[in-house]
>>> print(open('entry30.cif').read())   # mmCIF, C-alpha atoms and all ligand atoms
data_run
loop_
_atom_site.group_PDB
_atom_site.id
_atom_site.type_symbol
_atom_site.label_atom_id
_atom_site.label_comp_id
_atom_site.auth_asym_id
_atom_site.auth_seq_id
_atom_site.Cartn_x
_atom_site.Cartn_y
_atom_site.Cartn_z
ATOM 1 C CA MET A 1 -9.259 6.694 8.363
ATOM 2 C CA TRP A 2 -12.478 6.570 6.370
ATOM 3 C CA ARG A 3 -15.271 4.251 7.093
ATOM 4 C CA LEU A 4 -18.152 3.573 4.758
ATOM 5 C CA SER A 5 -20.823 1.132 5.730
ATOM 6 C CA VAL A 6 -21.259 -1.826 3.387
ATOM 7 C CA PRO A 7 -24.876 -0.877 2.460
ATOM 8 C CA LEU A 8 -23.722 2.646 1.576
ATOM 9 C CA LEU A 9 -20.923 1.304 -0.598
ATOM 10 C CA LEU A 10 -23.287 -1.090 -2.347
ATOM 11 C CA LEU A 11 -25.727 1.756 -2.894
ATOM 12 C CA LEU A 12 -22.915 3.879 -4.348
ATOM 13 C CA LEU A 13 -21.837 1.069 -6.612
ATOM 14 C CA ALA A 14 -25.385 0.593 -7.821
ATOM 15 C CA ALA A 15 -25.849 4.342 -8.306
ATOM 16 C CA THR A 16 -22.661 4.799 -10.292
ATOM 17 C CA GLY A 17 -23.564 2.160 -12.782
ATOM 18 C CA GLY A 18 -21.422 -0.860 -11.980
ATOM 19 C CA ARG A 19 -19.906 -2.414 -15.065
ATOM 20 C CA SER A 20 -20.533 -2.634 -18.743
ATOM 21 C CA GLN A 21 -18.674 -4.177 -21.611
ATOM 22 C CA GLU A 22 -17.580 -2.713 -24.876
ATOM 23 C CA VAL A 23 -16.077 -4.434 -27.892
ATOM 24 C CA PHE A 24 -13.656 -2.378 -29.945
ATOM 25 C CA GLN A 25 -11.151 -2.717 -32.720
ATOM 26 C CA ASP A 26 -7.509 -2.315 -31.797
ATOM 27 C CA ASP A 27 -5.882 -0.793 -34.919
ATOM 28 C CA ASP A 28 -2.292 -1.662 -34.006
ATOM 29 C CA GLU A 29 -2.991 -5.255 -33.191
ATOM 30 C CA ASP A 30 -5.851 -5.688 -35.627
ATOM 31 C CA LEU A 31 -7.674 -7.673 -32.989
ATOM 32 C CA LEU A 32 -11.126 -7.493 -31.547
ATOM 33 C CA LEU A 33 -10.848 -6.929 -27.834
ATOM 34 C CA ALA A 34 -13.488 -6.753 -25.175
ATOM 35 C CA ARG A 35 -12.843 -4.381 -22.346
ATOM 36 C CA THR A 36 -14.763 -4.043 -19.166
ATOM 37 C CA GLN A 37 -15.783 -0.677 -17.862
ATOM 38 C CA VAL A 38 -15.948 -0.508 -14.084
ATOM 39 C CA ASP A 39 -16.333 2.236 -11.523
ATOM 40 C CA VAL A 40 -13.626 1.485 -8.988
ATOM 41 C CA VAL A 41 -14.665 2.908 -5.609
ATOM 42 C CA GLY A 42 -12.326 3.289 -2.648
ATOM 43 C CA GLU A 43 -9.715 5.371 -0.925
ATOM 44 C CA LEU A 44 -7.256 7.106 -3.229
ATOM 45 C CA GLN A 45 -3.689 6.344 -2.194
ATOM 46 C CA TYR A 46 -0.337 6.446 -3.827
ATOM 47 C CA ILE A 47 2.829 4.443 -3.603
ATOM 48 C CA SER A 48 5.849 6.648 -3.427
ATOM 49 C CA VAL A 49 9.150 5.226 -4.588
ATOM 50 C CA HIS A 50 12.145 6.112 -2.451
ATOM 51 C CA ILE A 51 14.890 7.994 -4.389
ATOM 52 C CA THR A 52 13.182 8.261 -7.825
ATOM 53 C CA LYS A 53 10.132 10.112 -6.408
ATOM 54 C CA GLU A 54 7.981 8.190 -8.863
ATOM 55 C CA LYS A 55 4.332 7.757 -7.870
ATOM 56 C CA PHE A 56 1.849 4.979 -8.558
ATOM 57 C CA TRP A 57 -1.795 5.689 -7.734
ATOM 58 C CA VAL A 58 -3.974 2.959 -6.281
ATOM 59 C CA ILE A 59 -7.558 2.655 -5.090
ATOM 60 C CA ARG A 60 -8.061 0.645 -1.932
ATOM 61 C CA ASP A 61 -11.588 -0.688 -1.523
ATOM 62 C CA SER A 62 -13.347 -1.395 1.769
ATOM 63 C CA ASP A 63 -12.061 -5.006 1.775
ATOM 64 C CA GLY A 64 -8.462 -3.822 1.462
ATOM 65 C CA LYS A 65 -8.176 -4.945 -2.151
ATOM 66 C CA MET A 66 -6.008 -2.584 -4.166
ATOM 67 C CA THR A 67 -6.416 -1.679 -7.809
ATOM 68 C CA GLN A 68 -3.499 0.027 -9.495
ATOM 69 C CA ILE A 69 -4.149 2.941 -11.833
ATOM 70 C CA ALA A 70 -2.126 2.934 -15.080
ATOM 71 C CA SER A 71 1.285 4.582 -14.720
ATOM 72 C CA GLY A 72 1.510 8.185 -15.770
ATOM 73 C CA PHE A 73 -1.927 8.955 -14.354
ATOM 74 C CA GLN A 74 -2.163 12.090 -12.245
ATOM 75 C CA PRO A 75 -5.492 12.884 -10.580
ATOM 76 C CA PRO A 76 -6.965 16.334 -11.334
ATOM 77 C CA PRO A 77 -6.882 18.759 -8.376
ATOM 78 C CA LYS A 78 -10.707 18.905 -8.138
ATOM 79 C CA ASP A 79 -13.697 16.952 -9.363
ATOM 80 C CA ASP A 80 -16.657 18.474 -11.291
ATOM 81 C CA TYR A 81 -18.340 19.472 -8.026
ATOM 82 C CA GLY A 82 -15.295 21.388 -6.804
ATOM 83 C CA ASN A 83 -14.262 18.769 -4.247
ATOM 84 C CA ASP A 84 -10.515 18.450 -3.707
ATOM 85 C CA ILE A 85 -9.064 15.212 -5.006
ATOM 86 C CA VAL A 86 -6.416 14.475 -2.394
ATOM 87 C CA PRO A 87 -4.805 11.245 -1.195
ATOM 88 C CA GLY A 88 -7.116 9.755 1.424
ATOM 89 C CA ALA A 89 -10.315 10.887 -0.323
ATOM 90 C CA VAL A 90 -12.840 8.177 -1.153
ATOM 91 C CA VAL A 91 -13.365 8.386 -4.890
ATOM 92 C CA SER A 92 -15.108 6.667 -7.755
ATOM 93 C CA VAL A 93 -13.006 6.236 -10.906
ATOM 94 C CA PRO A 94 -14.533 5.010 -14.187
ATOM 95 C CA CYS A 95 -11.935 2.723 -15.759
ATOM 96 C CA TYR A 96 -11.269 0.056 -18.270
ATOM 97 C CA ILE A 97 -9.663 -2.846 -16.437
ATOM 98 C CA ASP A 98 -6.890 -4.380 -18.522
ATOM 99 C CA PRO A 99 -5.999 -8.096 -18.376
ATOM 100 C CA SER A 100 -3.393 -7.503 -15.636
ATOM 101 C CA GLY A 101 -6.068 -5.887 -13.432
ATOM 102 C CA VAL A 102 -4.813 -2.323 -13.896
ATOM 103 C CA CYS A 103 -7.382 0.493 -14.138
ATOM 104 C CA ASN A 104 -7.039 2.705 -17.236
ATOM 105 C CA PRO A 105 -9.144 5.791 -16.446
ATOM 106 C CA ILE A 106 -11.665 6.614 -19.171
ATOM 107 C CA PRO A 107 -10.653 10.084 -20.406
ATOM 108 C CA GLU A 108 -14.151 11.448 -20.991
ATOM 109 C CA LEU A 109 -15.526 10.251 -17.639
ATOM 110 C CA LYS A 110 -14.189 12.036 -14.616
ATOM 111 C CA MET A 111 -13.267 10.843 -11.167
ATOM 112 C CA THR A 112 -15.687 11.971 -8.447
ATOM 113 C CA VAL A 113 -15.075 12.437 -4.740
ATOM 114 C CA ILE A 114 -17.474 10.567 -2.471
ATOM 115 C CA SER A 115 -16.026 11.722 0.823
ATOM 116 C CA ASP A 116 -12.912 13.500 1.863
ATOM 117 C CA THR A 117 -11.866 12.960 5.440
ATOM 118 C CA SER A 118 -8.416 14.508 5.130
ATOM 119 C CA SER A 119 -9.482 17.518 7.198
ATOM 120 C CA THR A 120 -10.464 15.275 10.113
ATOM 121 C CA ILE A 121 -7.131 13.450 9.857
ATOM 122 C CA MET A 122 -5.308 16.777 10.144
ATOM 123 C CA ALA A 123 -7.393 17.715 13.184
ATOM 124 C CA ASN A 124 -6.349 14.580 15.062
ATOM 125 C CA THR A 125 -4.022 15.703 17.838
ATOM 126 C CA GLU A 126 -3.955 12.524 19.945
ATOM 127 C CA PRO A 127 -0.589 10.747 20.079
ATOM 128 C CA ILE A 128 -0.558 7.756 17.746
ATOM 129 C CA TYR A 129 0.614 4.310 18.843
ATOM 130 C CA GLN A 130 1.235 2.189 15.769
ATOM 131 C CA ARG A 131 0.685 -1.542 16.091
ATOM 132 C CA LEU A 132 3.312 -2.690 13.617
ATOM 133 C CA LEU A 133 3.718 -6.088 12.008
ATOM 134 C CA VAL A 134 6.981 -6.691 10.124
ATOM 135 C CA ILE A 135 6.680 -9.432 7.536
ATOM 136 C CA ILE A 136 10.009 -10.819 6.340
ATOM 137 C CA LEU A 137 9.531 -12.527 3.000
ATOM 138 C CA ASP A 138 11.538 -15.677 2.479
ATOM 139 C CA MET A 139 11.553 -17.192 -0.981
ATOM 140 C CA ALA A 140 14.187 -19.850 -0.361
ATOM 141 C CA ALA A 141 12.298 -22.138 -2.753
ATOM 142 C CA CYS A 142 13.858 -20.206 -5.648
ATOM 143 C CA GLY A 143 17.198 -19.382 -4.046
ATOM 144 C CA ASN A 144 15.910 -16.111 -2.602
ATOM 145 C CA PRO A 145 16.185 -16.631 1.159
ATOM 146 C CA ALA A 146 15.610 -13.917 3.766
ATOM 147 C CA SER A 147 18.776 -12.830 5.531
ATOM 148 C CA ILE A 148 17.214 -11.167 8.544
ATOM 149 C CA LYS A 149 15.278 -12.872 11.316
ATOM 150 C CA PRO A 150 12.324 -11.600 13.357
ATOM 151 C CA VAL A 151 14.685 -10.898 16.278
ATOM 152 C CA ASP A 152 16.765 -8.618 14.002
ATOM 153 C CA ALA A 153 13.613 -6.745 13.008
ATOM 154 C CA ALA A 154 12.728 -6.301 16.678
ATOM 155 C CA THR A 155 16.202 -4.789 17.241
ATOM 156 C CA ILE A 156 15.793 -2.416 14.274
ATOM 157 C CA TRP A 157 12.335 -1.199 15.305
ATOM 158 C CA LEU A 158 12.348 -1.532 19.097
ATOM 159 C CA GLY A 159 16.032 -1.182 19.959
ATOM 160 C CA PRO A 160 18.653 -3.620 21.324
ATOM 161 C CA ASN A 161 16.509 -4.604 24.312
ATOM 162 C CA GLY A 162 13.322 -5.040 22.275
ATOM 163 C CA ASP A 163 11.554 -2.642 24.633
ATOM 164 C CA GLY A 164 10.724 0.262 22.306
ATOM 165 C CA LEU A 165 13.227 2.547 24.071
ATOM 166 C CA GLY A 166 15.682 2.366 21.147
ATOM 167 C CA GLY A 167 15.612 1.746 17.405
ATOM 168 C CA MET A 168 12.927 3.215 15.166
ATOM 169 C CA ALA A 169 10.491 3.506 18.089
ATOM 170 C CA GLN A 170 12.786 5.986 19.837
ATOM 171 C CA LYS A 171 13.345 7.953 16.603
ATOM 172 C CA PHE A 172 9.604 8.159 15.890
ATOM 173 C CA THR A 173 8.891 9.408 19.407
ATOM 174 C CA GLN A 174 11.783 11.902 19.449
ATOM 175 C CA CYS A 175 11.233 13.284 15.940
ATOM 176 C CA SER A 176 7.492 13.750 16.499
ATOM 177 C CA TYR A 177 7.723 15.185 20.024
ATOM 178 C CA GLY A 178 5.804 12.192 21.298
ATOM 179 C CA MET A 179 3.004 12.268 18.721
ATOM 180 C CA LEU A 180 4.072 9.191 16.723
ATOM 181 C CA ASN A 181 5.007 6.085 18.681
ATOM 182 C CA LEU A 182 5.307 2.359 18.264
ATOM 183 C CA ASN A 183 3.373 0.160 20.623
ATOM 184 C CA ALA A 184 6.233 -2.133 21.686
ATOM 185 C CA THR A 185 3.858 -4.663 23.283
ATOM 186 C CA ALA A 186 1.839 -5.044 20.102
ATOM 187 C CA PHE A 187 4.917 -5.185 17.803
ATOM 188 C CA ARG A 188 5.425 -8.495 15.994
ATOM 189 C CA ALA A 189 7.859 -9.674 13.327
ATOM 190 C CA ILE A 190 7.427 -12.914 11.402
ATOM 191 C CA THR A 191 8.974 -14.717 8.488
ATOM 192 C CA VAL A 192 6.603 -15.814 5.736
ATOM 193 C CA GLN A 193 7.745 -18.514 3.335
ATOM 194 C CA ALA A 194 6.366 -17.327 0.029
ATOM 195 C CA SER A 195 6.044 -19.118 -3.253
ATOM 196 C CA CYS A 196 8.102 -17.712 -6.124
ATOM 197 C CA ILE A 197 5.423 -16.256 -8.359
ATOM 198 C CA PRO A 198 6.738 -14.373 -11.449
ATOM 199 C CA GLU A 199 4.833 -11.193 -10.477
ATOM 200 C CA VAL A 200 7.136 -10.963 -7.470
ATOM 201 C CA VAL A 201 10.453 -12.591 -8.441
ATOM 202 C CA ASP A 202 10.587 -11.208 -11.995
ATOM 203 C CA ARG A 203 8.516 -8.036 -11.852
ATOM 204 C CA CYS A 204 8.661 -6.948 -8.203
ATOM 205 C CA SER A 205 4.932 -6.170 -8.182
ATOM 206 C CA PHE A 206 4.290 -4.456 -4.849
ATOM 207 C CA LEU A 207 0.613 -5.407 -4.887
ATOM 208 C CA SER A 208 1.530 -9.093 -5.372
ATOM 209 C CA ILE A 209 4.036 -8.774 -2.521
ATOM 210 C CA ILE A 210 1.222 -7.513 -0.277
ATOM 211 C CA ASN A 211 -1.030 -10.365 -1.311
ATOM 212 C CA ILE A 212 1.407 -13.225 -0.725
ATOM 213 C CA ALA A 213 2.797 -11.721 2.486
ATOM 214 C CA ASP A 214 -0.636 -10.949 3.974
ATOM 215 C CA THR A 215 -1.938 -14.396 3.047
ATOM 216 C CA GLY A 216 1.053 -16.029 4.779
ATOM 217 C CA ALA A 217 0.691 -13.816 7.862
ATOM 218 C CA LYS A 218 -3.058 -14.491 8.121
ATOM 219 C CA ALA A 219 -2.318 -18.220 7.919
ATOM 220 C CA GLN A 220 0.103 -17.911 10.858
ATOM 221 C CA TYR A 221 -1.895 -15.544 13.079
ATOM 222 C CA GLY A 222 -5.483 -16.029 12.009
ATOM 223 C CA TYR A 223 -7.521 -13.215 10.511
ATOM 224 C CA ASP A 224 -8.651 -11.727 13.846
ATOM 225 C CA VAL A 225 -5.144 -11.238 15.213
ATOM 226 C CA PHE A 226 -3.859 -10.091 11.814
ATOM 227 C CA SER A 227 -6.468 -7.345 11.678
ATOM 228 C CA THR A 228 -5.324 -5.868 15.020
ATOM 229 C CA PHE A 229 -2.158 -4.530 13.347
ATOM 230 C CA THR A 230 -2.500 -0.950 12.175
ATOM 231 C CA HIS A 231 0.712 -0.930 10.096
ATOM 232 C CA ILE A 232 2.683 -3.463 8.097
ATOM 233 C CA ALA A 233 6.280 -3.365 6.853
ATOM 234 C CA TYR A 234 7.381 -5.863 4.205
ATOM 235 C CA VAL A 235 11.074 -6.769 4.100
ATOM 236 C CA LEU A 236 12.222 -8.392 0.863
ATOM 237 C CA PRO A 237 15.041 -10.939 0.513
ATOM 238 C CA PRO A 238 18.426 -9.360 -0.409
ATOM 239 C CA LYS A 239 18.445 -10.820 -3.920
ATOM 240 C CA MET A 240 15.323 -8.810 -4.784
ATOM 241 C CA GLN A 241 17.566 -5.739 -5.068
ATOM 242 C CA SER A 242 18.375 -6.773 -8.617
ATOM 243 C CA VAL A 243 14.662 -6.922 -9.520
ATOM 244 C CA CYS A 244 13.161 -3.963 -7.654
ATOM 245 C CA PRO A 245 14.712 -0.601 -8.564
ATOM 246 C CA TRP A 246 13.994 0.949 -5.131
ATOM 247 C CA SER A 247 15.228 0.591 -1.556
ATOM 248 C CA GLY A 248 11.916 1.512 0.017
ATOM 249 C CA LEU A 249 8.317 2.251 -0.982
ATOM 250 C CA ALA A 250 5.386 3.604 0.942
ATOM 251 C CA LEU A 251 1.644 3.624 0.458
ATOM 252 C CA LEU A 252 0.279 7.106 1.183
ATOM 253 C CA PRO A 253 -1.740 7.922 3.124
ATOM 254 C CA GLY A 254 -1.258 4.522 4.396
ATOM 255 C CA ASN A 255 -0.128 1.870 6.611
ATOM 256 C CA ARG A 256 2.164 -0.241 4.483
ATOM 257 C CA ILE A 257 5.809 0.109 3.582
ATOM 258 C CA TRP A 258 8.164 -2.091 1.563
ATOM 259 C CA LEU A 259 11.869 -2.296 2.357
ATOM 260 C CA GLN A 260 14.840 -4.008 0.783
ATOM 261 C CA THR A 261 17.345 -5.918 2.850
ATOM 262 C CA ALA A 262 20.068 -3.431 1.934
ATOM 263 C CA ALA A 263 22.235 -0.727 3.443
ATOM 264 C CA TYR A 264 19.845 1.861 1.979
ATOM 265 C CA GLY A 265 16.750 -0.122 2.952
ATOM 266 C CA VAL A 266 15.965 -1.778 6.251
ATOM 267 C CA TYR A 267 19.441 -0.970 7.640
ATOM 268 C CA ARG A 268 19.034 2.768 7.240
ATOM 269 C CA TRP A 269 16.757 4.434 9.755
ATOM 270 C CA SER A 270 16.125 7.495 7.605
ATOM 271 C CA THR A 271 14.755 5.276 4.798
ATOM 272 C CA ILE A 272 12.361 3.603 7.229
ATOM 273 C CA MET A 273 11.445 7.005 8.647
ATOM 274 C CA GLN A 274 10.802 8.494 5.198
ATOM 275 C CA GLU A 275 8.609 5.572 4.179
ATOM 276 C CA SER A 276 6.730 5.505 7.485
ATOM 277 C CA LEU A 277 5.674 9.167 7.484
HETATM 278 C C1 LIG B 301 -0.405 -1.496 23.189
HETATM 279 O O1 LIG B 301 -0.796 -2.822 22.871
HETATM 280 C C2 LIG B 301 -1.262 -3.552 23.995
HETATM 281 C C3 LIG B 301 -1.412 -5.015 23.562
HETATM 282 O O2 LIG B 301 -2.278 -5.136 22.478
HETATM 283 C C4 LIG B 301 -2.545 -2.902 24.489
HETATM 284 O O3 LIG B 301 -3.043 -3.614 25.605
HETATM 285 C C5 LIG B 301 -2.247 -1.455 24.894
HETATM 286 O O4 LIG B 301 -3.448 -0.800 25.240
HETATM 287 C C6 LIG B 301 -1.586 -0.702 23.726
HETATM 288 N N1 LIG B 301 -1.135 0.604 24.220
HETATM 289 C C7 LIG B 301 -1.358 1.750 23.578
HETATM 290 C C8 LIG B 301 -0.834 2.969 24.211
HETATM 291 O O5 LIG B 301 -1.951 1.810 22.506
#
>>> encode(input="entry30.cif", output="structure tokens", more="lines below")
Ligand SMILES: *[C@@H]1O[C@H](CO)[C@@H](O)[C@H](O)[C@H]1NC(C)=O
Amino acid sequence: MWRLSVPLLLLLLAATGGRSQEVFQDDDEDLLLARTQVDVVGELQYISVHITKEKFWVIRDSDGKMTQIASGFQPPPKDDYGNDIVPGAVVSVPCYIDPSGVCNPIPELKMTVISDTSSTIMANTEPIYQRLLVIILDMAACGNPASIKPVDAATIWLGPNGDGLGGMAQKFTQCSYGMLNLNATAFRAITVQASCIPEVVDRCSFLSIINIADTGAKAQYGYDVFSTFTHIAYVLPPKMQSVCPWSGLALLPGNRIWLQTAAYGVYRWSTIMQESL
């Protein structure tokens, strides 16, 4: 994990120029549009889509806010200073932010690496104990109820006795020779009643799913308890299968996964395993 102090981040933001605005003519639309140029600074991550192998790049800032980079973007292997641009690196990306909040990288301005801690992540040989929160989204308000309960999630992740000796916890421990484990004491699963915003129910926006689920979980647990979880899994209601074209998604390197309530989603341990690694 990277850590940048707030003063350092502010300094970086100031040094890299902050924002400016440009007015330009859009030939196709014949409209005058104003677009804002911003340097988005944060950890480079990607969301990998189970089955299609599609990738969406995102920048996660120090407050946890995520900015999606326009689809089709692929970061260059190195920046101008020869630093490797790898997932997990803290980068600064000059972009135009479009009305939906997506960053469109400015072609002539390159991404720069501020710090790359991937080598220290690789050197970490201590066993990991994930503190997992499973958030089951329930959107019954628009006929999209959850079909699994927190106790079912505990069975899936911790095994039939809820003790971490079965389920995903056992598979993590066995497949990693004890390096990757779930902390069964810290494990929690909750249902969050979410409002049916179009970004989620019509467009399956994974960033909107994070926002509504995290907001609901913070309201139930309080911010302090919420921030003790190191990993979050979002389980969508079964009807979302017709909206989201995937059974599972993962943020990489990262601590969040999205799963469908489906045979190839939350009910399939290899999907959970693939998304969790
Ligand atoms: C697991 O979580 C409990 C409760 O938060 C904590 O006291 C304990 O130290 C954790 N164990 C490990 C191995 O991380």
>>> closest_residue(input="entry30.cif", among="A:Arg131, A:Arg188, A:Arg60, A:Lys171", to="A:Val151", atoms="all atoms listed in the file")
A:Arg188
>>> closest_atom_pairs(input="entry30.cif", of="chain A", to="ligand LIG 301 (chain B)", cutoff="9 Å", atoms="all atoms listed in the file", output="CSV")
residue,atom,partner,partner_atom,distance
A:Pro127,CA,B:LIG301,C8,8.8
A:Ile128,CA,B:LIG301,O5,7.7
A:Tyr129,CA,B:LIG301,O5,5.1
A:Gln130,CA,B:LIG301,O5,7.5
A:Arg131,CA,B:LIG301,O1,7.1
A:Asn181,CA,B:LIG301,C8,8.6
A:Leu182,CA,B:LIG301,O5,8.4
A:Asn183,CA,B:LIG301,C1,4.9
A:Ala184,CA,B:LIG301,C1,6.8
A:Thr185,CA,B:LIG301,O1,5.0
A:Ala186,CA,B:LIG301,O1,4.4
A:Phe187,CA,B:LIG301,O1,8.0
A:Thr228,CA,B:LIG301,O2,8.1
>>> resolve_selection(input="entry30.cif", expression="the PyMOL selection byres (((chain A and resi 132-141) around 9) and not hetatm)", output="MDAnalysis selection string")
chainID A and resid 130:131 142:150 153:154 182:184 186:196 201 209 212:214 217 226 229:237
>>> residues_around(input="entry30.cif", residues="A:Gly167", least_positions_apart="6", cutoff="7 Å", atoms="all atoms listed in the file", output="list in words")
Thr155, Ile156, Trp157, Leu158 and Gly159 of chain A
>>> residues_near_point(input="entry30.cif", point="(15.6, -5.9, -4.3)", cutoff="12 Å", atoms="all atoms listed in the file", output="PDB file with C-alpha atoms, keeping the file's coordinate frame")
ATOM      1  CA  LEU A 137       9.531 -12.527   3.000  1.00  0.00           C
ATOM      2  CA  ASN A 144      15.910 -16.111  -2.602  1.00  0.00           C
ATOM      3  CA  ALA A 146      15.610 -13.917   3.766  1.00  0.00           C
ATOM      4  CA  VAL A 200       7.136 -10.963  -7.470  1.00  0.00           C
ATOM      5  CA  VAL A 201      10.453 -12.591  -8.441  1.00  0.00           C
ATOM      6  CA  ASP A 202      10.587 -11.208 -11.995  1.00  0.00           C
ATOM      7  CA  ARG A 203       8.516  -8.036 -11.852  1.00  0.00           C
ATOM      8  CA  CYS A 204       8.661  -6.948  -8.203  1.00  0.00           C
ATOM      9  CA  SER A 205       4.932  -6.170  -8.182  1.00  0.00           C
ATOM     10  CA  PHE A 206       4.290  -4.456  -4.849  1.00  0.00           C
ATOM     11  CA  TYR A 234       7.381  -5.863   4.205  1.00  0.00           C
ATOM     12  CA  VAL A 235      11.074  -6.769   4.100  1.00  0.00           C
ATOM     13  CA  LEU A 236      12.222  -8.392   0.863  1.00  0.00           C
ATOM     14  CA  PRO A 237      15.041 -10.939   0.513  1.00  0.00           C
ATOM     15  CA  PRO A 238      18.426  -9.360  -0.409  1.00  0.00           C
ATOM     16  CA  LYS A 239      18.445 -10.820  -3.920  1.00  0.00           C
ATOM     17  CA  MET A 240      15.323  -8.810  -4.784  1.00  0.00           C
ATOM     18  CA  GLN A 241      17.566  -5.739  -5.068  1.00  0.00           C
ATOM     19  CA  SER A 242      18.375  -6.773  -8.617  1.00  0.00           C
ATOM     20  CA  VAL A 243      14.662  -6.922  -9.520  1.00  0.00           C
ATOM     21  CA  CYS A 244      13.161  -3.963  -7.654  1.00  0.00           C
ATOM     22  CA  PRO A 245      14.712  -0.601  -8.564  1.00  0.00           C
ATOM     23  CA  TRP A 246      13.994   0.949  -5.131  1.00  0.00           C
ATOM     24  CA  SER A 247      15.228   0.591  -1.556  1.00  0.00           C
ATOM     25  CA  GLY A 248      11.916   1.512   0.017  1.00  0.00           C
ATOM     26  CA  LEU A 249       8.317   2.251  -0.982  1.00  0.00           C
ATOM     27  CA  TRP A 258       8.164  -2.091   1.563  1.00  0.00           C
ATOM     28  CA  LEU A 259      11.869  -2.296   2.357  1.00  0.00           C
ATOM     29  CA  GLN A 260      14.840  -4.008   0.783  1.00  0.00           C
ATOM     30  CA  THR A 261      17.345  -5.918   2.850  1.00  0.00           C
ATOM     31  CA  ALA A 262      20.068  -3.431   1.934  1.00  0.00           C
ATOM     32  CA  ALA A 263      22.235  -0.727   3.443  1.00  0.00           C
ATOM     33  CA  TYR A 264      19.845   1.861   1.979  1.00  0.00           C
ATOM     34  CA  GLY A 265      16.750  -0.122   2.952  1.00  0.00           C
ATOM     35  CA  VAL A 266      15.965  -1.778   6.251  1.00  0.00           C
TER      36      VAL A 266
END
>>> atom_distance(input="entry30.cif", atom1="atom CA of A:Asp79", atom2="atom CA of A:Leu251")
22.6 Å
>>> atom_distance(input="entry30.cif", atom1="atom CA of A:Pro94", atom2="atom CA of A:Val38")
5.7 Å
>>> resolve_selection(input="entry30.cif", expression="the PyMOL selection byres (((chain A and resi 73) around 10) and not hetatm)", output="list of chain:residue names")
A:Lys55, A:Phe56, A:Trp57, A:Ile69, A:Ala70, A:Ser71, A:Gly72, A:Gln74, A:Pro75, A:Pro76, A:Asn104, A:Pro105
>>> closest_residue(input="entry30.cif", among="A:Glu126, A:Glu54, A:Glu43, A:Glu108", to="A:Thr67", atoms="only C-alpha atoms")
A:Glu43
>>> closest_residue(input="entry30.cif", among="A:Tyr46, A:Tyr177, A:Tyr221, A:Phe172", to="A:Gly88", atoms="all atoms listed in the file")
A:Tyr46
>>> resolve_selection(input="entry30.cif", expression="the PyMOL selection byres (((chain A and resi 86) around 10) and not hetatm)", output="PyMOL selection string")
chain A and resi 43-45+75-78+83-85+87-91+113+116-118+253
>>> atom_distance(input="entry30.cif", atom1="atom CA of A:Ser227", atom2="atom CA of A:Thr215")
12.0 Å
>>> residues_around(input="entry30.cif", residues="A:Val41", least_positions_apart="3", cutoff="7 Å", atoms="only C-alpha atoms", output="number ranges by chain")
A: 61, 91-93
